[in-house]
Amino acid sequence: MELRHLRYFVAVAEELNFTRAAEKLRLAQPSLTSQVHSLEQELGVRLLDRTRNQVSLTEEGRSFLVDARRLVALSLESITAVQRFSRGESGQLNLGYLFNFNFDLLPATLTTFHQTCPEIAVNLFDMSPAEQLSALEARKIDLGFVGLRPPSATKNIATLSWECVAHHSVVAVLPANHPLAKRSKIGMKDLKPFFFVAMSEVTHPGSRDWLGGLCKGEGFTPRILQDVDLESGIMTFVAEGLGVTLARAQIKNLPHPGVVFRPLATAARADYWIAWHRENRSKALAQYIEIIKKEAPGWL
């Protein structure tokens with residue numbers, strides 16, 4: 001049994017007339033009659049009752065029509081999908097991001113994207129930056145809202161393209177009862193005597209380099225007492241008095257009992273990067289990147 005046999009049967013079953021079905025299929029009627037008869041012989045059941053003036057479905061034919069329609073529709077979907085894939089048109093866009101820690105650019109761009117490409121399904125995956133980098137390399141996601149750009153020697157970096165889409169203010173994160181918490185602004189050098197809490201390089205590649213670079217600019221190296229894998233861990237350890245830290249202002253979006261945030265006396269900013277696989281030719285991805293670039297200037 002071939003797919004064309006199913007198509008022929010469905011056409012006859014829907015028209016209940018061999019002449020009209022043949023015209024619909026652009027096929028000679030004798031050939032169509034022969035093909036449907038061959039299908040019945042192969043199945044070993046009669047699908048159609050034929051008289052000189054009427055064609056009707058048997059009970060077996062009505063049952064078989066349900067599956068035949070489904071298989072024909074599935075084949076058409078598969079053909080359309082592979083043709084779209086060949087043209088670089090994917091029916092979905094997979095995005096990696098950090099839940100509760102991303103800024104408003106993500107929902108803003110998604111709204112515009114849905115208006116521009118309503119036929120594209122968008123799938124969001126909550127991932128740490130390290131997980132995003134691995135998923136991008138494996139082509140499991142199309143784009144990642146990675147945040148900090150890791151050093152060039154970091155694994156997975158060579159296969160990716162990068163775009164800086166925002167610059168975020170940096171704040172000091174302190175225990176609520178810390179001596180510096182009473183100040184309205186914090187000088188970065190004032191943090192030198194204290195231990196620091198930092199994001200782990202395992203989950204946030206480049207985070208230590210970024211923190212060290214900020215402090216180095218003020219003439220000191222941060223003494224890191226504790227690494228944490230999750231942003232919520234920053235809040236926990238700071239609240240317990242195990243250290244202070246510097247972070248993007250978006251960290252305020254997380255619950256923070258026992259923690260206060262203070263702007264820096266000398267403003268500092270953190271670049272925010274998106275990344276995608278350099279060999280990804282998805283037109284949906286290209287469209288979304290252009291939308292991000294257009295939306296981004298308002299957030300710089």
# chains A, B, ... in the order shown; residues from 1 in each chain; ligands from 1
$ select_by_dssp --residues "region 24-176 of chain A" --states "strand (DSSP E or B)" --output "PyMOL selection string"
chain A and resi 48-50+55-57+92-97+121-126+143-147+160-175
$ write_last_selection --atoms "N, CA and C atoms" --output "compact mmCIF listing (two decimals), in the first residue's frame"
# COMPACT_ATOMS: atom_id res chain seq x y z
N LEU A 48 -15.89 0.33 -0.50
CA LEU A 48 -16.95 1.07 -1.17
C LEU A 48 -17.98 0.12 -1.75
N ASP A 49 -19.23 0.53 -1.64
CA ASP A 49 -20.31 -0.16 -2.35
C ASP A 49 -20.58 0.63 -3.62
N ARG A 50 -20.55 -0.06 -4.76
CA ARG A 50 -20.71 0.61 -6.04
C ARG A 50 -21.96 0.09 -6.74
N VAL A 55 -22.23 5.61 -5.29
CA VAL A 55 -21.09 5.07 -4.56
C VAL A 55 -21.29 5.41 -3.09
N SER A 56 -21.12 4.43 -2.22
CA SER A 56 -21.27 4.68 -0.78
C SER A 56 -20.19 3.93 -0.02
N LEU A 57 -19.92 4.39 1.17
CA LEU A 57 -18.91 3.76 2.02
C LEU A 57 -19.50 2.59 2.78
N GLN A 92 9.17 26.84 14.75
CA GLN A 92 9.25 27.20 16.16
C GLN A 92 10.58 27.89 16.46
N LEU A 93 10.58 28.59 17.57
CA LEU A 93 11.77 29.30 18.03
C LEU A 93 11.98 28.94 19.49
N ASN A 94 13.13 28.37 19.80
CA ASN A 94 13.44 27.92 21.15
C ASN A 94 14.41 28.90 21.81
N LEU A 95 14.00 29.45 22.95
CA LEU A 95 14.78 30.48 23.63
C LEU A 95 15.16 30.03 25.04
N GLY A 96 16.42 30.27 25.41
CA GLY A 96 16.87 30.02 26.76
C GLY A 96 16.96 31.33 27.53
N TYR A 97 16.55 31.31 28.77
CA TYR A 97 16.58 32.53 29.59
C TYR A 97 16.68 32.13 31.05
N ALA A 121 5.77 29.15 16.68
CA ALA A 121 5.61 28.82 18.10
C ALA A 121 6.90 29.13 18.84
N VAL A 122 6.79 29.83 19.96
CA VAL A 122 7.96 30.18 20.77
C VAL A 122 7.96 29.32 22.03
N ASN A 123 9.08 28.65 22.26
CA ASN A 123 9.25 27.82 23.46
C ASN A 123 10.33 28.43 24.34
N LEU A 124 10.00 28.64 25.62
CA LEU A 124 10.93 29.24 26.57
C LEU A 124 11.46 28.19 27.52
N PHE A 125 12.78 28.21 27.75
CA PHE A 125 13.42 27.24 28.62
C PHE A 125 14.23 27.97 29.69
N ASP A 126 13.88 27.70 30.95
CA ASP A 126 14.60 28.29 32.07
C ASP A 126 15.93 27.57 32.22
N LEU A 143 18.36 30.59 20.57
CA LEU A 143 18.97 31.81 21.10
C LEU A 143 18.94 31.77 22.61
N GLY A 144 19.99 32.31 23.22
CA GLY A 144 20.03 32.37 24.67
C GLY A 144 20.20 33.79 25.16
N PHE A 145 19.42 34.17 26.15
CA PHE A 145 19.64 35.43 26.87
C PHE A 145 20.67 35.11 27.95
N VAL A 146 21.95 35.11 27.54
CA VAL A 146 23.01 34.57 28.38
C VAL A 146 23.41 35.53 29.50
N GLY A 147 23.40 36.82 29.21
CA GLY A 147 23.85 37.81 30.21
C GLY A 147 25.30 38.16 29.99
N LEU A 160 29.64 30.19 18.63
CA LEU A 160 28.51 31.10 18.83
C LEU A 160 28.76 32.49 18.28
N SER A 161 27.67 33.15 17.91
CA SER A 161 27.68 34.57 17.58
C SER A 161 27.06 35.32 18.75
N TRP A 162 27.53 36.57 18.97
CA TRP A 162 27.13 37.32 20.14
C TRP A 162 26.65 38.72 19.75
N GLU A 163 25.74 39.24 20.55
CA GLU A 163 25.26 40.61 20.36
C GLU A 163 24.98 41.21 21.73
N CYS A 164 25.59 42.36 22.02
CA CYS A 164 25.30 43.07 23.27
C CYS A 164 24.02 43.87 23.08
N VAL A 165 23.03 43.62 23.93
CA VAL A 165 21.72 44.25 23.72
C VAL A 165 21.33 45.22 24.83
N ALA A 166 22.11 45.27 25.90
CA ALA A 166 21.77 46.20 26.99
C ALA A 166 22.96 46.38 27.91
N HIS A 167 22.92 47.46 28.67
CA HIS A 167 23.90 47.72 29.71
C HIS A 167 23.12 47.98 31.00
N HIS A 168 23.36 47.17 32.00
CA HIS A 168 22.61 47.27 33.25
C HIS A 168 23.43 47.92 34.35
N SER A 169 22.77 48.68 35.17
CA SER A 169 23.42 49.28 36.33
C SER A 169 23.84 48.19 37.32
N VAL A 170 24.97 48.41 37.96
CA VAL A 170 25.48 47.49 38.98
C VAL A 170 25.18 48.07 40.35
N VAL A 171 24.74 47.23 41.26
CA VAL A 171 24.44 47.66 42.63
C VAL A 171 25.26 46.84 43.61
N ALA A 172 25.47 47.40 44.79
CA ALA A 172 26.08 46.65 45.88
C ALA A 172 24.97 45.91 46.61
N VAL A 173 25.23 44.63 46.93
CA VAL A 173 24.27 43.80 47.63
C VAL A 173 24.82 43.53 49.03
N LEU A 174 24.09 43.96 50.06
CA LEU A 174 24.60 43.94 51.43
C LEU A 174 23.59 43.31 52.39
N PRO A 175 24.07 42.73 53.50
CA PRO A 175 23.14 42.32 54.55
C PRO A 175 22.42 43.55 55.10
$ residues_around --residues "region 31-46 of chain A" --least-positions-apart "3" --cutoff "9 Å" --atoms "only C-alpha atoms" --output "ChimeraX atom specification"
/A:1-2,4-6,8-9,12,18,21-22,25,27-28,49,57-58,60-61
$ write_last_selection --atoms "C-alpha atoms" --output "mmCIF file, in the first residue's frame"
data_model
loop_
_atom_site.group_PDB
_atom_site.id
_atom_site.type_symbol
_atom_site.label_atom_id
_atom_site.label_comp_id
_atom_site.auth_asym_id
_atom_site.auth_seq_id
_atom_site.Cartn_x
_atom_site.Cartn_y
_atom_site.Cartn_z
ATOM 1 C CA MET A 1 0.000 0.000 0.000
ATOM 2 C CA GLU A 2 1.368 3.369 -1.019
ATOM 3 C CA ARG A 4 -1.159 7.596 -3.298
ATOM 4 C CA HIS A 5 -3.636 4.761 -2.679
ATOM 5 C CA LEU A 6 -4.765 6.510 0.488
ATOM 6 C CA TYR A 8 -7.178 8.238 -4.050
ATOM 7 C CA PHE A 9 -9.462 6.504 -1.581
ATOM 8 C CA VAL A 12 -13.481 9.050 -3.729
ATOM 9 C CA PHE A 18 -15.413 8.418 -9.195
ATOM 10 C CA ALA A 21 -12.791 12.427 -7.645
ATOM 11 C CA ALA A 22 -10.783 11.761 -10.796
ATOM 12 C CA LEU A 25 -7.018 14.377 -8.615
ATOM 13 C CA LEU A 27 -6.372 11.471 -12.984
ATOM 14 C CA ALA A 28 -8.123 9.302 -15.591
ATOM 15 C CA ASP A 49 -20.311 -0.160 -2.353
ATOM 16 C CA LEU A 57 -18.909 3.765 2.022
ATOM 17 C CA THR A 58 -19.110 0.409 3.700
ATOM 18 C CA GLU A 60 -15.171 -0.788 6.986
ATOM 19 C CA GLY A 61 -14.703 2.098 4.567
#
$ atom_distance --atom1 "CA of Leu211 (chain A)" --atom2 "CA of Leu242 (chain A)"
16.9 Å
$ closest_residue --among "A:Glu137, A:His277, A:Leu74, A:Glu131" --to "Asp229 (chain A)" --atoms "only C-alpha atoms"
A:Glu131
$ closest_residue --among "A:Thr19, A:Ser152, A:Gln29, A:Thr203" --to "Leu230 (chain A)" --atoms "only C-alpha atoms"
A:Thr203
$ select_by_dssp --residues "region 42-81 of chain A" --states "helix (DSSP H, G or I)" --output "MDAnalysis selection string"
chainID A and resid 42:43 59:81
$ atom_distance --atom1 "CA of Arg281 (chain A)" --atom2 "CA of Arg139 (chain A)"
11.3 Å
$ residues_around --residues "region 177-181 of chain A" --least-positions-apart "2" --cutoff "9 Å" --atoms "only C-alpha atoms" --output "PyMOL selection string"
chain A and resi 174-175+183-186+190-191+239+241+258-262
$ decode --residues "region 23-70 of chain A" --atoms "C-alpha atoms" --output "CSV table (one decimal), in the first residue's frame"
chain,number,residue,atom,x,y,z
A,23,GLU,CA,-11.2,15.4,-11.9
A,24,LYS,CA,-10.1,16.6,-8.5
A,25,LEU,CA,-7.0,14.4,-8.6
A,26,ARG,CA,-6.4,15.2,-12.3
A,27,LEU,CA,-6.4,11.5,-13.0
A,28,ALA,CA,-8.1,9.3,-15.6
A,29,GLN,CA,-11.2,7.7,-14.1
A,30,PRO,CA,-10.3,4.1,-15.2
A,31,SER,CA,-6.9,4.5,-13.5
A,32,LEU,CA,-8.5,5.8,-10.3
A,33,THR,CA,-11.1,2.9,-10.2
A,34,SER,CA,-8.2,0.4,-10.7
A,35,GLN,CA,-6.1,1.9,-7.9
A,36,VAL,CA,-9.0,1.9,-5.4
A,37,HIS,CA,-9.8,-1.7,-6.3
A,38,SER,CA,-6.1,-2.6,-5.8
A,39,LEU,CA,-6.2,-1.1,-2.4
A,40,GLU,CA,-9.3,-3.1,-1.4
A,41,GLN,CA,-7.6,-6.3,-2.7
A,42,GLU,CA,-4.5,-5.6,-0.6
A,43,LEU,CA,-6.6,-4.9,2.5
A,44,GLY,CA,-8.9,-7.8,1.9
A,45,VAL,CA,-12.0,-5.8,2.6
A,46,ARG,CA,-14.5,-3.9,0.5
A,47,LEU,CA,-14.3,-0.1,1.3
A,48,LEU,CA,-16.9,1.1,-1.2
A,49,ASP,CA,-20.3,-0.2,-2.4
A,50,ARG,CA,-20.7,0.6,-6.0
A,51,THR,CA,-23.8,0.7,-8.1
A,52,ARG,CA,-24.4,2.2,-11.6
A,53,ASN,CA,-25.7,5.4,-10.1
A,54,GLN,CA,-24.2,5.6,-6.6
A,55,VAL,CA,-21.1,5.1,-4.6
A,56,SER,CA,-21.3,4.7,-0.8
A,57,LEU,CA,-18.9,3.8,2.0
A,58,THR,CA,-19.1,0.4,3.7
A,59,GLU,CA,-18.8,0.2,7.5
A,60,GLU,CA,-15.2,-0.8,7.0
A,61,GLY,CA,-14.7,2.1,4.6
A,62,ARG,CA,-16.0,4.6,7.1
A,63,SER,CA,-13.6,3.3,9.7
A,64,PHE,CA,-10.7,3.2,7.3
A,65,LEU,CA,-11.4,6.8,6.1
A,66,VAL,CA,-10.6,8.2,9.6
A,67,ASP,CA,-7.1,6.8,9.6
A,68,ALA,CA,-6.5,7.5,5.9
A,69,ARG,CA,-7.3,11.2,6.3
A,70,ARG,CA,-5.0,11.4,9.3
